[in-house]
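Asks: This is the structure I have questions about; it appears just below.
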Amino acid sequence: MTVVGVMVFALSMATPVSAGGAQTDKWPEPFESGTITNFDPFTIGLMDCDVLRRVELPDGSSKETMSCDLNGIYLLPADDGPPSLCVDPECGPPEKALRYEGGGCDTWMSDWSLLTTGDVVFAERAEVVVTPSGKVHATTWYGPDPLTPEVCEELGEE
């Protein structure tokens, strides 16, 4: 299956379906976000996002899906200095699709929460794909009890 085929399949599987009291919402306008675009060198990309959908289940857990386009890539220096706009070709989108996943207190923050309330809520699980053409698709899951910075501090996962 080609990368495009995988992306189309992933997008079709991520389309939220409301069932059994679930609430489905869609963010009404484009917004900016960010993601990892490479691990060597370690870079982050700013993204223009057109799609953000959220499905909340009756127990308070939720799933968010988003589709975006990279608009700038920043190099994060190893010495913890400030990020800098990277113009070197090695800092472009990945040469082949980059897929990463994780979760917890250091992986992904809910764009829905940031846009609606300004609150920081970390994903319990996140799956992100960055393509060579600069397309980004992310699917994230959140538990019924928000994983906030305060909760992360209590868990020792700051």
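Every chain in the structure tokens has a letter given in the order shown (A, B, ...), and although residue numbers restart at 1 in each chain, ligands are simply numbered from 1 in the order shown.
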Report as a compact mmCIF listing (two decimals) with N, CA and C atoms, in the first residue's frame all protein, DNA and RNA residues lying within 6 Å of Phe42 in chain A, evaluated on only C-alpha atoms, omitting residues in the same chain fewer than 3 positions from it.
Replies:
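Final output, part-v6.txt:
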```
# COMPACT_ATOMS: atom_id res chain seq x y z
N ASN A 38 11.31 15.48 12.80
CA ASN A 38 12.49 14.65 12.60
C ASN A 38 13.14 14.42 13.96
N PHE A 39 13.86 13.31 14.10
CA PHE A 39 14.56 13.04 15.35
C PHE A 39 16.06 13.26 15.23
N LEU A 76 15.90 22.29 17.09
CA LEU A 76 16.06 22.39 18.54
C LEU A 76 17.48 21.98 18.87
```
Asks: Can you tell me, as number ranges by chain, what residues are no more than 7 Å from Leu52 in chain A when counting only C-alpha atoms, ignoring any on the same chain fewer than 5 positions away?
Replies: A: 26-27, 64-67
Asks: How would the residues just chosen look if you wrote them out with C-alpha atoms as a PDB file, in the first residue's frame?
Replies:
```
ATOM      1  CA  LYS A  26     -15.530  20.133  14.786  1.00  0.00           C
ATOM      2  CA  TRP A  27     -13.363  23.228  15.285  1.00  0.00           C
ATOM      3  CA  GLU A  64      -9.287  14.030  18.599  1.00  0.00           C
ATOM      4  CA  THR A  65      -8.247  13.825  14.951  1.00  0.00           C
ATOM      5  CA  MET A  66      -6.517  16.581  13.020  1.00  0.00           C
ATOM      6  CA  SER A  67      -5.065  17.161   9.567  1.00  0.00           C
TER       7      SER A  67
END
```
Asks: Counting only C-alpha atoms, figure out which residue out of A:Ser62, A:Thr35, A:Thr43, A:Gln23 gets nearest to Ala138 in chain A.
Replies: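 Answer, going by the shortest atom-to-atom distance: A:Thr35.
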Asks: Within chain A, find each residue whose DSSP state, derived from the backbone, is strand (DSSP E), and express the selection as a VMD selection string.
Replies: chain A and resid 23 to 26 31 to 39 42 to 56 62 to 75 84 to 85 98 to 102 125 to 130 135 to 142
Asks: Nearest to Arg53 in chain A: which of A:Asp25, A:Asp88, A:Glu101, A:Glu154 is it, counting only C-alpha atoms?
Replies: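 Among the listed residues, the smallest separation from Arg53 in chain A belongs to A:Asp25.
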Asks: Which residue is closest to Ala22 in chain A? Choose from A:Glu56, A:Ile73, A:Gly34, A:Val51 and count only C-alpha atoms.
Replies: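 Of A:Glu56, A:Ile73, A:Gly34, A:Val51, the one nearest Ala22 in chain A is A:Glu56, counting only C-alpha atoms.
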Asks: My list of candidates is A:Pro77, A:Leu46, A:Thr140, A:Gly134. Which is closest to Trp108 in chain A when distances are computed with only C-alpha atoms?
Replies: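 Of A:Pro77, A:Leu46, A:Thr140, A:Gly134, the one nearest Trp108 in chain A is A:Thr140, counting only C-alpha atoms.
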Asks: Enumerate the residues of range 18-117 of chain A with a DSSP assignment of alpha helix (DSSP H), computed from the backbone, and present them as a ChimeraX atom specification.
Replies: /A:111-116
Asks: Neighbouring residues of Tyr100 in chain A were defined as those with any atom within 9 Å, considering only C-alpha atoms; residues of the same chain fewer than 2 positions away were excluded. Please report them as a list in words.
Replies: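 That gives Ile36, Leu98, Gly102, Ala126, Glu127, Val128, Val129 and Val130 of chain A.
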Asks: Put those residues in a file: N, CA and C atoms, as an mmCIF file, in the first residue's frame.
Replies:
```cif
data_model
loop_
_atom_site.group_PDB
_atom_site.id
_atom_site.type_symbol
_atom_site.label_atom_id
_atom_site.label_comp_id
_atom_site.auth_asym_id
_atom_site.auth_seq_id
_atom_site.Cartn_x
_atom_site.Cartn_y
_atom_site.Cartn_z
ATOM 1 N N ILE A 36 6.642 17.196 16.097
ATOM 2 C CA ILE A 36 7.995 16.734 15.772
ATOM 3 C C ILE A 36 8.013 16.397 14.284
ATOM 4 N N LEU A 98 7.208 9.760 8.548
ATOM 5 C CA LEU A 98 7.630 9.601 9.933
ATOM 6 C C LEU A 98 6.381 9.338 10.762
ATOM 7 N N GLY A 102 3.049 7.810 21.241
ATOM 8 C CA GLY A 102 3.420 7.922 22.645
ATOM 9 C C GLY A 102 2.210 8.334 23.440
ATOM 10 N N ALA A 126 -1.102 9.025 21.671
ATOM 11 C CA ALA A 126 -1.043 9.852 20.464
ATOM 12 C C ALA A 126 -0.377 9.074 19.345
ATOM 13 N N GLU A 127 -0.907 9.190 18.141
ATOM 14 C CA GLU A 127 -0.312 8.619 16.939
ATOM 15 C C GLU A 127 -0.237 9.728 15.898
ATOM 16 N N VAL A 128 0.968 9.990 15.391
ATOM 17 C CA VAL A 128 1.191 11.098 14.462
ATOM 18 C C VAL A 128 1.956 10.589 13.243
ATOM 19 N N VAL A 129 1.541 11.041 12.060
ATOM 20 C CA VAL A 129 2.244 10.730 10.819
ATOM 21 C C VAL A 129 2.579 12.056 10.132
ATOM 22 N N VAL A 130 3.864 12.225 9.774
ATOM 23 C CA VAL A 130 4.334 13.387 9.005
ATOM 24 C C VAL A 130 4.840 12.839 7.680
#
```
